[in-house]
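Here's coords.tsv, which has TSV, C-alpha atoms:
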```
chain	number	residue	atom	x	y	z
U	282	MET	CA	-44.58	-17.35	11.25
U	283	SER	CA	-41.42	-19.08	12.50
U	284	HIS	CA	-38.60	-17.05	14.01
U	285	LEU	CA	-36.36	-15.00	11.74
U	286	SER	CA	-33.09	-16.54	10.61
U	287	LEU	CA	-29.79	-14.81	11.20
U	288	ASP	CA	-29.63	-14.10	7.45
U	289	GLN	CA	-32.97	-12.29	7.64
U	290	LEU	CA	-31.94	-10.28	10.70
U	291	ILE	CA	-28.73	-9.21	8.94
U	292	GLU	CA	-30.72	-8.32	5.83
U	293	LEU	CA	-32.99	-6.08	7.89
U	294	ARG	CA	-29.97	-4.07	9.06
U	295	GLU	CA	-29.15	-3.12	5.47
U	296	PRO	CA	-30.25	0.34	4.41
U	297	GLY	CA	-33.32	0.26	2.15
U	298	SER	CA	-35.35	-2.86	2.88
U	299	GLU	CA	-36.01	-5.05	-0.10
U	300	PRO	CA	-39.56	-6.06	-1.09
U	301	GLY	CA	-40.58	-8.93	1.10
U	302	CYS	CA	-38.95	-7.46	4.20
U	303	GLU	CA	-42.22	-5.96	5.47
U	304	GLY	CA	-43.39	-9.32	6.80
U	305	ALA	CA	-40.08	-9.89	8.54
U	306	LEU	CA	-40.20	-6.39	10.04
U	307	ALA	CA	-43.73	-6.94	11.28
U	308	HIS	CA	-42.66	-10.19	12.88
U	309	LEU	CA	-39.65	-8.53	14.49
U	310	ARG	CA	-41.90	-5.90	16.08
U	311	GLN	CA	-44.06	-8.58	17.65
U	312	CYS	CA	-41.60	-11.35	18.53
U	313	GLU	CA	-39.62	-10.92	21.71
U	314	ILE	CA	-37.18	-13.73	20.86
U	315	CYS	CA	-36.32	-12.28	17.46
U	316	ARG	CA	-35.98	-8.79	18.94
U	317	ALA	CA	-33.54	-10.15	21.51
U	318	GLU	CA	-31.56	-11.87	18.75
U	319	SER	CA	-31.55	-8.67	16.73
U	320	GLU	CA	-30.26	-6.74	19.73
U	321	ARG	CA	-27.49	-9.29	20.26
U	322	LEU	CA	-26.52	-8.83	16.63
U	323	GLU	CA	-26.41	-5.05	17.08
U	324	GLN	CA	-24.34	-5.43	20.23
U	325	ARG	CA	-21.93	-7.77	18.50
U	326	VAL	CA	-21.40	-5.25	15.70
U	327	ALA	CA	-20.96	-2.47	18.27
U	328	ARG	CA	-18.37	-4.57	20.09
U	329	LEU	CA	-16.53	-5.24	16.84
U	330	ARG	CA	-16.40	-1.51	16.18
U	331	ALA	CA	-15.15	-0.89	19.70
U	332	LEU	CA	-12.21	-3.28	19.44
U	333	PRO	CA	-8.93	-1.46	20.01
U	334	THR	CA	-7.03	-0.46	16.88
U	335	PRO	CA	-3.79	-2.45	16.58
U	336	ARG	CA	-0.75	-0.24	16.19
U	337	PRO	CA	2.30	-0.91	14.02
U	338	SER	CA	5.42	-1.86	15.96
U	339	ARG	CA	7.49	0.73	14.10
U	340	SER	CA	7.14	3.37	11.43
U	341	ARG	CA	7.93	2.36	7.87
U	342	PHE	CA	7.91	5.85	6.43
U	343	LEU	CA	11.58	5.75	5.48
U	344	GLU	CA	11.17	2.49	3.56
U	345	THR	CA	8.04	3.76	1.83
U	346	ARG	CA	9.67	7.05	0.89
U	347	ALA	CA	12.74	5.19	-0.46
U	348	ALA	CA	10.54	2.97	-2.62
U	349	PHE	CA	8.61	6.04	-3.83
U	350	VAL	CA	11.74	8.01	-4.77
U	351	SER	CA	13.16	4.97	-6.54
U	352	SER	CA	9.97	4.38	-8.51
U	353	ARG	CA	9.64	8.06	-9.41
U	354	ARG	CA	13.20	8.18	-10.70
U	355	ARG	CA	12.63	5.05	-12.80
U	356	ARG	CA	9.37	6.44	-14.17
U	357	HIS	CA	11.24	9.58	-15.15
U	358	LEU	CA	13.84	7.46	-16.95
U	359	GLN	CA	11.16	5.45	-18.74
U	360	ARG	CA	9.51	8.64	-19.94
U	361	GLY	CA	12.74	9.56	-21.66
U	362	GLY	CA	14.29	11.87	-19.08
U	363	LEU	CA	17.74	10.39	-19.07
U	364	VAL	CA	17.42	8.70	-22.44
U	365	GLY	CA	16.87	12.15	-23.89
U	366	LEU	CA	19.73	13.40	-21.81
U	367	ALA	CA	22.06	10.68	-23.09
U	368	LEU	CA	20.88	11.38	-26.62
U	369	ALA	CA	21.59	15.07	-26.20
U	370	ALA	CA	24.99	14.27	-24.77
U	371	SER	CA	25.83	11.93	-27.63
U	372	LEU	CA	24.75	14.57	-30.14
U	373	VAL	CA	27.09	16.98	-28.44
U	374	LEU	CA	29.78	14.31	-28.53
U	375	GLY	CA	29.18	13.65	-32.21
U	376	PHE	CA	29.28	17.35	-32.93
U	377	GLY	CA	32.45	17.78	-30.91
U	378	LEU	CA	34.20	14.96	-32.71
U	379	ARG	CA	33.31	16.11	-36.20
U	380	PRO	CA	36.33	17.40	-38.06
U	381	GLY	CA	36.03	21.06	-38.73
U	382	SER	CA	33.49	21.69	-36.02
U	383	SER	CA	33.98	24.84	-34.07
U	384	PRO	CA	36.98	24.48	-31.82
U	385	ILE	CA	35.92	24.46	-28.20
U	386	GLY	CA	39.08	24.03	-26.22
U	387	ASP	CA	41.90	21.77	-27.28
U	388	PRO	CA	40.68	18.99	-29.70
U	389	ALA	CA	42.91	16.23	-28.31
U	390	PRO	CA	41.80	16.41	-24.65
U	391	ALA	CA	38.24	16.95	-25.89
U	392	ALA	CA	38.36	13.65	-27.78
U	393	GLN	CA	39.68	11.95	-24.63
U	394	THR	CA	36.87	13.49	-22.56
U	395	ASP	CA	34.32	12.36	-25.13
U	396	THR	CA	35.59	8.79	-25.02
U	397	GLU	CA	35.44	8.74	-21.25
U	398	LEU	CA	32.02	10.33	-21.32
U	399	GLY	CA	30.78	7.61	-23.69
U	400	GLU	CA	32.15	4.94	-21.38
U	401	ALA	CA	30.54	6.45	-18.29
U	402	MET	CA	27.18	6.70	-20.07
U	403	ALA	CA	27.38	3.08	-21.21
U	404	ARG	CA	28.27	1.92	-17.69
U	405	SER	CA	25.41	3.99	-16.27
U	406	ARG	CA	22.98	2.39	-18.73
U	407	ASP	CA	24.19	-1.12	-17.81
U	408	LEU	CA	23.73	-0.44	-14.11
U	409	GLU	CA	20.26	1.01	-14.65
U	410	ASN	CA	19.32	-2.16	-16.56
U	411	ALA	CA	20.71	-4.36	-13.79
U	412	LEU	CA	18.74	-2.37	-11.20
U	413	ARG	CA	15.58	-2.64	-13.26
U	414	LEU	CA	16.00	-6.42	-13.44
U	415	TYR	CA	16.54	-6.56	-9.67
U	416	ASP	CA	13.30	-4.60	-9.22
U	417	PRO	CA	13.97	-3.18	-5.73
U	418	GLU	CA	10.57	-1.49	-5.63
U	419	SER	CA	8.82	-4.82	-5.29
U	420	ARG	CA	10.99	-5.80	-2.32
U	421	ILE	CA	10.41	-4.86	1.27
U	422	LEU	CA	13.36	-2.96	2.72
U	423	ASP	CA	14.52	-2.85	6.32
U	424	GLY	CA	14.93	0.56	7.95
U	425	ARG	CA	18.70	0.78	7.57
U	426	THR	CA	18.71	-0.24	3.89
U	427	ALA	CA	15.85	2.15	3.27
U	428	GLY	CA	17.79	5.04	4.80
U	429	ILE	CA	20.86	4.38	2.64
U	430	THR	CA	18.74	3.76	-0.47
U	431	LEU	CA	16.82	6.97	0.07
U	432	ARG	CA	20.02	9.00	0.41
U	433	LEU	CA	21.50	7.46	-2.76
U	434	GLU	CA	18.26	7.91	-4.72
U	435	ASP	CA	18.06	11.56	-3.65
U	436	GLN	CA	21.66	12.11	-4.72
U	437	LEU	CA	20.95	10.41	-8.06
U	438	SER	CA	17.97	12.66	-8.64
U	439	ALA	CA	20.12	15.70	-7.87
U	440	VAL	CA	22.80	14.54	-10.34
U	441	ASP	CA	20.13	13.90	-12.99
U	442	ARG	CA	18.75	17.41	-12.53
U	443	GLN	CA	22.21	18.88	-13.03
U	444	LEU	CA	22.78	16.74	-16.13
U	445	GLU	CA	19.43	17.84	-17.52
U	446	MET	CA	20.35	21.48	-16.92
U	447	LEU	CA	23.67	21.00	-18.70
U	448	SER	CA	21.98	19.31	-21.65
U	449	THR	CA	19.81	22.38	-22.20
U	450	LEU	CA	22.91	24.46	-22.82
U	451	GLY	CA	23.52	22.81	-26.19
U	452	GLN	CA	27.06	22.61	-27.49
U	453	LEU	CA	29.29	22.50	-24.46
U	454	HIS	CA	32.43	24.41	-23.73
U	455	SER	CA	35.24	22.08	-22.67
U	456	SER	CA	34.88	23.09	-19.01
U	457	ARG	CA	31.20	22.13	-19.14
U	458	ARG	CA	32.09	18.87	-20.90
U	459	HIS	CA	34.38	18.09	-17.99
U	460	GLU	CA	31.55	18.93	-15.62
U	461	GLN	CA	29.29	16.62	-17.61
U	462	LEU	CA	31.86	13.82	-17.38
U	463	ARG	CA	32.21	14.39	-13.64
U	464	LEU	CA	28.43	14.13	-13.22
U	465	TRP	CA	28.12	10.96	-15.31
U	466	ARG	CA	30.93	9.40	-13.30
U	467	GLU	CA	29.24	10.42	-10.08
U	468	ARG	CA	26.05	8.88	-11.40
U	469	VAL	CA	27.86	5.60	-12.10
U	470	GLY	CA	29.32	5.63	-8.59
U	471	LEU	CA	25.91	6.19	-7.03
U	472	LEU	CA	24.29	3.46	-9.12
U	473	ASP	CA	27.13	1.11	-8.18
U	474	ALA	CA	26.58	1.91	-4.52
U	475	LEU	CA	22.82	1.40	-4.91
U	476	MET	CA	23.38	-2.00	-6.51
U	477	ASP	CA	25.76	-2.91	-3.67
U	478	VAL	CA	23.20	-1.96	-1.03
U	479	HIS	CA	20.52	-4.13	-2.62
U	480	LEU	CA	22.78	-7.07	-3.36
U	481	THR	CA	24.38	-7.04	0.10
U	482	ARG	CA	20.97	-6.93	1.70
U	483	ALA	CA	19.73	-9.72	-0.58
U	484	SER	CA	22.67	-11.96	0.27
U	485	PHE	CA	22.20	-11.31	4.01
U	486	ALA	CA	18.47	-11.94	3.83
U	487	GLY	CA	18.87	-14.90	1.49
U	488	LEU	CA	16.67	-13.27	-1.16
E	81	MET	CA	-6.05	9.65	13.52
E	82	ASP	CA	-4.53	13.07	14.16
E	83	LEU	CA	-7.29	15.65	13.75
E	84	TYR	CA	-4.78	18.44	13.49
E	85	GLN	CA	-3.22	16.69	10.51
E	86	LEU	CA	-6.64	16.11	9.00
E	87	ALA	CA	-7.43	19.79	9.32
E	88	LYS	CA	-4.29	20.43	7.33
E	89	GLU	CA	-5.36	17.99	4.62
E	90	GLU	CA	-6.12	20.72	2.12
E	91	THR	CA	-2.65	22.17	2.53
E	92	LEU	CA	-0.84	18.87	2.61
E	93	VAL	CA	-2.37	17.13	-0.39
E	94	PRO	CA	-1.15	19.58	-3.07
E	95	LEU	CA	2.36	19.47	-1.58
E	96	ALA	CA	2.34	15.67	-1.31
E	97	LYS	CA	1.16	15.48	-4.92
E	98	ARG	CA	4.42	17.17	-5.89
E	99	GLY	CA	6.37	14.60	-3.83
E	100	ASP	CA	7.19	16.93	-0.93
E	101	PRO	CA	8.75	14.66	1.74
E	102	ALA	CA	7.40	16.62	4.73
E	103	ALA	CA	3.84	16.57	3.38
E	104	GLN	CA	4.13	12.86	2.58
E	105	GLU	CA	5.38	12.16	6.08
E	106	ALA	CA	2.53	14.17	7.63
E	107	ILE	CA	-0.01	12.13	5.66
E	108	TYR	CA	1.78	8.93	6.60
E	109	ARG	CA	1.77	9.83	10.32
E	110	ALA	CA	-1.89	10.83	10.23
E	111	PHE	CA	-3.09	7.59	8.66
E	112	GLU	CA	-0.55	4.90	9.55
E	113	THR	CA	-2.48	3.59	12.56
E	114	PRO	CA	-5.90	3.27	10.86
E	115	VAL	CA	-4.27	1.73	7.77
E	116	TYR	CA	-2.32	-0.73	9.88
E	117	GLY	CA	-5.38	-1.45	12.01
E	118	LEU	CA	-7.46	-2.29	8.95
E	119	ALA	CA	-4.68	-4.41	7.45
E	120	ARG	CA	-4.08	-6.23	10.72
E	121	ARG	CA	-7.76	-7.14	11.07
E	122	ILE	CA	-7.82	-8.59	7.58
E	123	CYS	CA	-4.36	-10.19	7.37
E	124	ARG	CA	-3.34	-13.17	9.38
E	125	THR	CA	0.03	-11.93	10.62
E	126	ARG	CA	1.58	-8.72	11.89
E	127	GLU	CA	4.29	-8.95	9.22
E	128	ASP	CA	1.72	-9.15	6.44
E	129	ALA	CA	-0.14	-6.17	7.88
E	130	GLU	CA	3.07	-4.13	7.96
E	131	ASP	CA	3.83	-5.06	4.36
E	132	VAL	CA	0.29	-4.08	3.36
E	133	MET	CA	0.76	-0.75	5.14
E	134	GLN	CA	3.94	-0.07	3.17
E	135	GLU	CA	2.35	-1.12	-0.13
E	136	THR	CA	-0.65	1.08	0.64
E	137	PHE	CA	1.36	4.23	1.29
E	138	LEU	CA	3.60	3.63	-1.71
E	139	GLU	CA	0.46	3.44	-3.85
E	140	VAL	CA	-0.95	6.52	-2.11
E	141	PHE	CA	2.18	8.58	-2.84
E	142	LYS	CA	2.32	7.38	-6.44
E	143	SER	CA	-1.38	7.90	-7.13
E	144	LEU	CA	-1.93	11.15	-5.23
E	145	PRO	CA	-1.61	13.27	-8.40
E	146	ARG	CA	-4.75	11.46	-9.64
E	147	PHE	CA	-6.67	12.05	-6.37
E	148	ARG	CA	-9.39	14.52	-7.31
E	149	GLY	CA	-10.66	15.13	-3.82
E	150	ASP	CA	-14.26	14.08	-4.58
E	151	GLY	CA	-14.38	12.16	-1.31
E	152	SER	CA	-12.32	12.30	1.84
E	153	LEU	CA	-8.64	11.50	1.75
E	154	TRP	CA	-9.18	8.79	4.38
E	155	GLY	CA	-11.94	7.19	2.29
E	156	TRP	CA	-9.58	7.05	-0.67
E	157	ILE	CA	-6.65	5.70	1.36
E	158	ARG	CA	-8.90	3.17	3.09
E	159	ARG	CA	-10.06	1.82	-0.25
E	160	ILE	CA	-6.45	1.33	-1.34
E	161	ALA	CA	-5.57	-0.34	1.98
E	162	SER	CA	-8.57	-2.69	1.75
E	163	SER	CA	-7.66	-3.73	-1.78
E	164	LYS	CA	-4.03	-4.30	-0.85
E	165	ALA	CA	-5.01	-6.37	2.19
E	166	LEU	CA	-7.42	-8.49	0.14
E	167	MET	CA	-4.73	-8.96	-2.52
E	168	ARG	CA	-2.38	-10.17	0.19
E	169	LEU	CA	-5.01	-12.65	1.42
E	170	ARG	CA	-5.48	-13.99	-2.09
E	171	ARG	CA	-1.75	-14.29	-2.57
E	172	ASN	CA	-1.12	-16.10	0.69
E	173	LYS	CA	-4.24	-18.23	0.95
E	174	TYR	CA	-3.42	-19.10	4.55
E	175	ARG	CA	-6.65	-20.62	5.51
E	176	ASP	CA	-10.01	-20.33	3.95
E	177	THR	CA	-12.02	-22.44	6.32
E	178	ASP	CA	-13.00	-21.67	9.88
E	179	GLU	CA	-11.03	-23.41	12.56
E	180	LEU	CA	-12.75	-26.37	14.14
E	181	GLU	CA	-15.06	-25.51	16.95
E	182	PRO	CA	-13.54	-25.94	20.38
E	183	GLU	CA	-14.01	-29.40	21.82
E	184	VAL	CA	-15.83	-28.58	24.99
E	185	GLY	CA	-18.25	-30.82	26.76
E	186	GLY	CA	-21.79	-29.53	26.67
E	187	GLY	CA	-21.00	-26.66	24.28
E	188	VAL	CA	-19.77	-23.19	25.08
E	189	LYS	CA	-23.09	-21.68	25.92
E	190	GLU	CA	-23.52	-23.77	29.03
E	191	ASN	CA	-20.16	-22.76	30.40
E	192	PRO	CA	-19.43	-19.03	30.30
E	193	ALA	CA	-15.82	-19.68	31.32
E	194	LEU	CA	-15.26	-21.37	27.98
E	195	ARG	CA	-16.56	-18.49	25.90
E	196	MET	CA	-14.03	-16.92	23.64
E	197	ASP	CA	-13.40	-13.26	23.68
E	198	LEU	CA	-14.28	-11.36	20.55
E	199	GLU	CA	-10.67	-10.89	19.41
E	200	ALA	CA	-10.02	-14.64	19.59
E	201	ALA	CA	-13.29	-15.45	17.84
E	202	LEU	CA	-12.52	-12.99	15.05
E	203	GLU	CA	-9.08	-14.54	14.58
E	204	ARG	CA	-10.68	-17.95	14.36
E	205	LEU	CA	-12.87	-17.08	11.40
E	206	SER	CA	-11.75	-18.01	7.90
E	207	ASP	CA	-9.79	-15.26	6.16
E	208	THR	CA	-12.63	-14.47	3.78
E	209	SER	CA	-15.34	-14.38	6.45
E	210	ARG	CA	-13.20	-12.22	8.71
E	211	ALA	CA	-12.46	-9.81	5.88
E	212	VAL	CA	-16.14	-9.52	4.95
E	213	VAL	CA	-17.38	-9.02	8.50
E	214	TRP	CA	-14.71	-6.38	9.13
E	215	LEU	CA	-15.23	-4.49	5.88
E	216	HIS	CA	-19.01	-4.54	6.23
E	217	ASP	CA	-19.69	-4.13	9.93
E	218	VAL	CA	-16.74	-1.97	10.97
E	219	GLU	CA	-15.52	-0.13	7.88
E	220	GLY	CA	-19.04	0.33	6.56
E	221	TYR	CA	-18.61	-0.96	3.02
E	222	THR	CA	-21.73	-2.21	1.25
E	223	HIS	CA	-22.00	-5.73	-0.13
E	224	ASP	CA	-21.71	-4.25	-3.63
E	225	GLU	CA	-18.40	-2.60	-2.75
E	226	ILE	CA	-17.07	-5.70	-0.99
E	227	ALA	CA	-18.06	-7.91	-3.92
E	228	GLN	CA	-16.24	-5.55	-6.27
E	229	MET	CA	-13.09	-5.48	-4.16
E	230	MET	CA	-13.08	-9.25	-3.74
E	231	ASP	CA	-14.04	-9.91	-7.33
E	232	ARG	CA	-16.95	-12.03	-6.12
E	233	SER	CA	-20.73	-11.75	-6.21
E	234	VAL	CA	-22.94	-9.75	-3.86
E	235	SER	CA	-24.61	-12.95	-2.65
E	236	PHE	CA	-21.17	-14.34	-1.82
E	237	SER	CA	-20.49	-11.33	0.38
E	238	LYS	CA	-23.89	-11.66	2.06
E	239	SER	CA	-23.50	-15.37	2.73
E	240	GLN	CA	-20.00	-14.85	4.16
E	241	LEU	CA	-21.33	-12.19	6.52
E	242	ALA	CA	-24.18	-14.42	7.74
E	243	ARG	CA	-21.78	-17.31	8.15
E	244	ALA	CA	-19.36	-15.16	10.12
E	245	HIS	CA	-22.10	-13.96	12.48
E	246	ALA	CA	-23.40	-17.49	13.00
E	247	ARG	CA	-19.88	-18.58	14.00
E	248	LEU	CA	-19.26	-15.58	16.22
E	249	ARG	CA	-22.60	-16.02	17.94
E	250	ARG	CA	-21.78	-19.63	18.75
E	251	TRP	CA	-18.19	-19.02	19.81
E	252	LEU	CA	-19.13	-16.06	21.98
E	253	GLY	CA	-21.75	-18.17	23.72
E	254	GLU	CA	-24.62	-15.97	22.57
E	255	GLU	CA	-26.85	-18.70	21.21
E	256	VAL	CA	-30.16	-19.14	22.94
E	257	ALA	CA	-32.64	-21.95	22.56
E	258	ALA	CA	-35.48	-20.75	20.29
```

Go ahead and render the structure in this file as structure tokens.
Amino acid sequence: MSHLSLDQLIELREPGSEPGCEGALAHLRQCEICRAESERLEQRVARLRALPTPRPSRSRFLETRAAFVSSRRRRHLQRGGLVGLALAASLVLGFGLRPGSSPIGDPAPAAQTDTELGEAMARSRDLENALRLYDPESRILDGRTAGITLRLEDQLSAVDRQLEMLSTLGQLHSSRRHEQLRLWRERVGLLDALMDVHLTRASFAGL
Amino acid sequence: MDLYQLAKEETLVPLAKRGDPAAQEAIYRAFETPVYGLARRICRTREDAEDVMQETFLEVFKSLPRFRGDGSLWGWIRRIASSKALMRLRRNKYRDTDELEPEVGGGVKENPALRMDLEAALERLSDTSRAVVWLHDVEGYTHDEIAQMMDRSVSFSKSQLARAHARLRRWLGEEVAA
């Protein structure tokens, strides 16, 4: 029998020899040259395993966490979190504006609040759409941008939680309507800031 | 890998599943070096390996709620990292042929001074061969698993491994006259 090929020697290292390997194994036991080649193969594999593990130059946890928070918030929106919230708010608005509905505070300022609330919600929706189109999750962030993004995303999540809590209260007293307006405005501000961070970074990086 | 963190795996995973930042960071710290190491051995550049590391952990954090704990956390993370690194290779298609053999008179085996070290030889392999040899010989994946991850056949994985070893043997000056 001629010497074993490298393919055969590699095959013999696999767990569970296939039929036909017995002859090769028998040859390996008898042939000094093939045994030496097999040992070199084993040593090469051992050396590969012993190579030092390269280490990253810096941690990217902040960037990863920012991308995670951003994606989680968007998933929540897609599942109807804020859509439901906006719907609930608009129902409240509709109810508040109906003539003859129960008077909650002064009707004139309430109508003004409702208009402003509608505007803030529309602006918030536009910014969310713009952010979705920009798709920041698919882009690699630098550490500084990630830190700012993470802070803004966390603040957005906190605002959303408060809005969701308010929406569970049903028809809102005027003071709560003002609180709702304040939160929607804050949300718009945060989304604006988030857009700015991404766009500034994109223009600097030429993306 | 931090063994202390690993010992805390059972505590950390349920918290990380709920998006707890401290638990996520502990998992990140425990596995960032092995994930980066795997990515760096498969990818051509340091930048690509760092991007793969970030993509891997983002996927880990997003998919943790679906992690059932049938196998080890590292086994699960490693599978994600391998897939991400292979995806990056496919996307970039840097080089899928081995570099030319060094032009040295008389061949490398006659002159030990011209032998490459293992790191250099590994770098010199084609992207596919290097990925297969690393996943099989170091990470311990079977040809079936590699074929599945690469969306290729088992025989493709086997032939890439044999090819890689033939190259390494030559470049490391290990060939002997039969």

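With all atoms listed in the file taken into account, chain U has His284, Leu287, Asp288, Ile291, Ile314, Arg321, Leu322, Val326, Arg328, Leu329, Arg330, Leu332, Thr334, Pro335, Arg336, Pro337, Arg341, Phe342, Glu344, Thr345, Arg346, Ala348, Phe349, Arg353 and Ile421 of chain U at most 8 Å from chain E.
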
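Minimum distance to E:Thr125 across E:Met229, E:Leu169, E:Ala211, E:Ala244 (counting all atoms listed in the file) occurs at E:Leu169.
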
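Across the structure, atom CA of E:Ile160 and atom CA of E:Phe111 are spaced 12.3 Å apart.
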
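Atom CA of U:Asp435 is positioned 14.6 Å from atom CA of U:Arg356.
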
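Atom CA of E:Leu144 is positioned 27.6 Å from atom CA of U:Leu472.
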
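You can rank E:Arg124, E:Asp150, E:Pro145, E:Ser209 by their closest distance to E:Arg168 using all atoms listed in the file, and at the top of that list sits E:Arg124.
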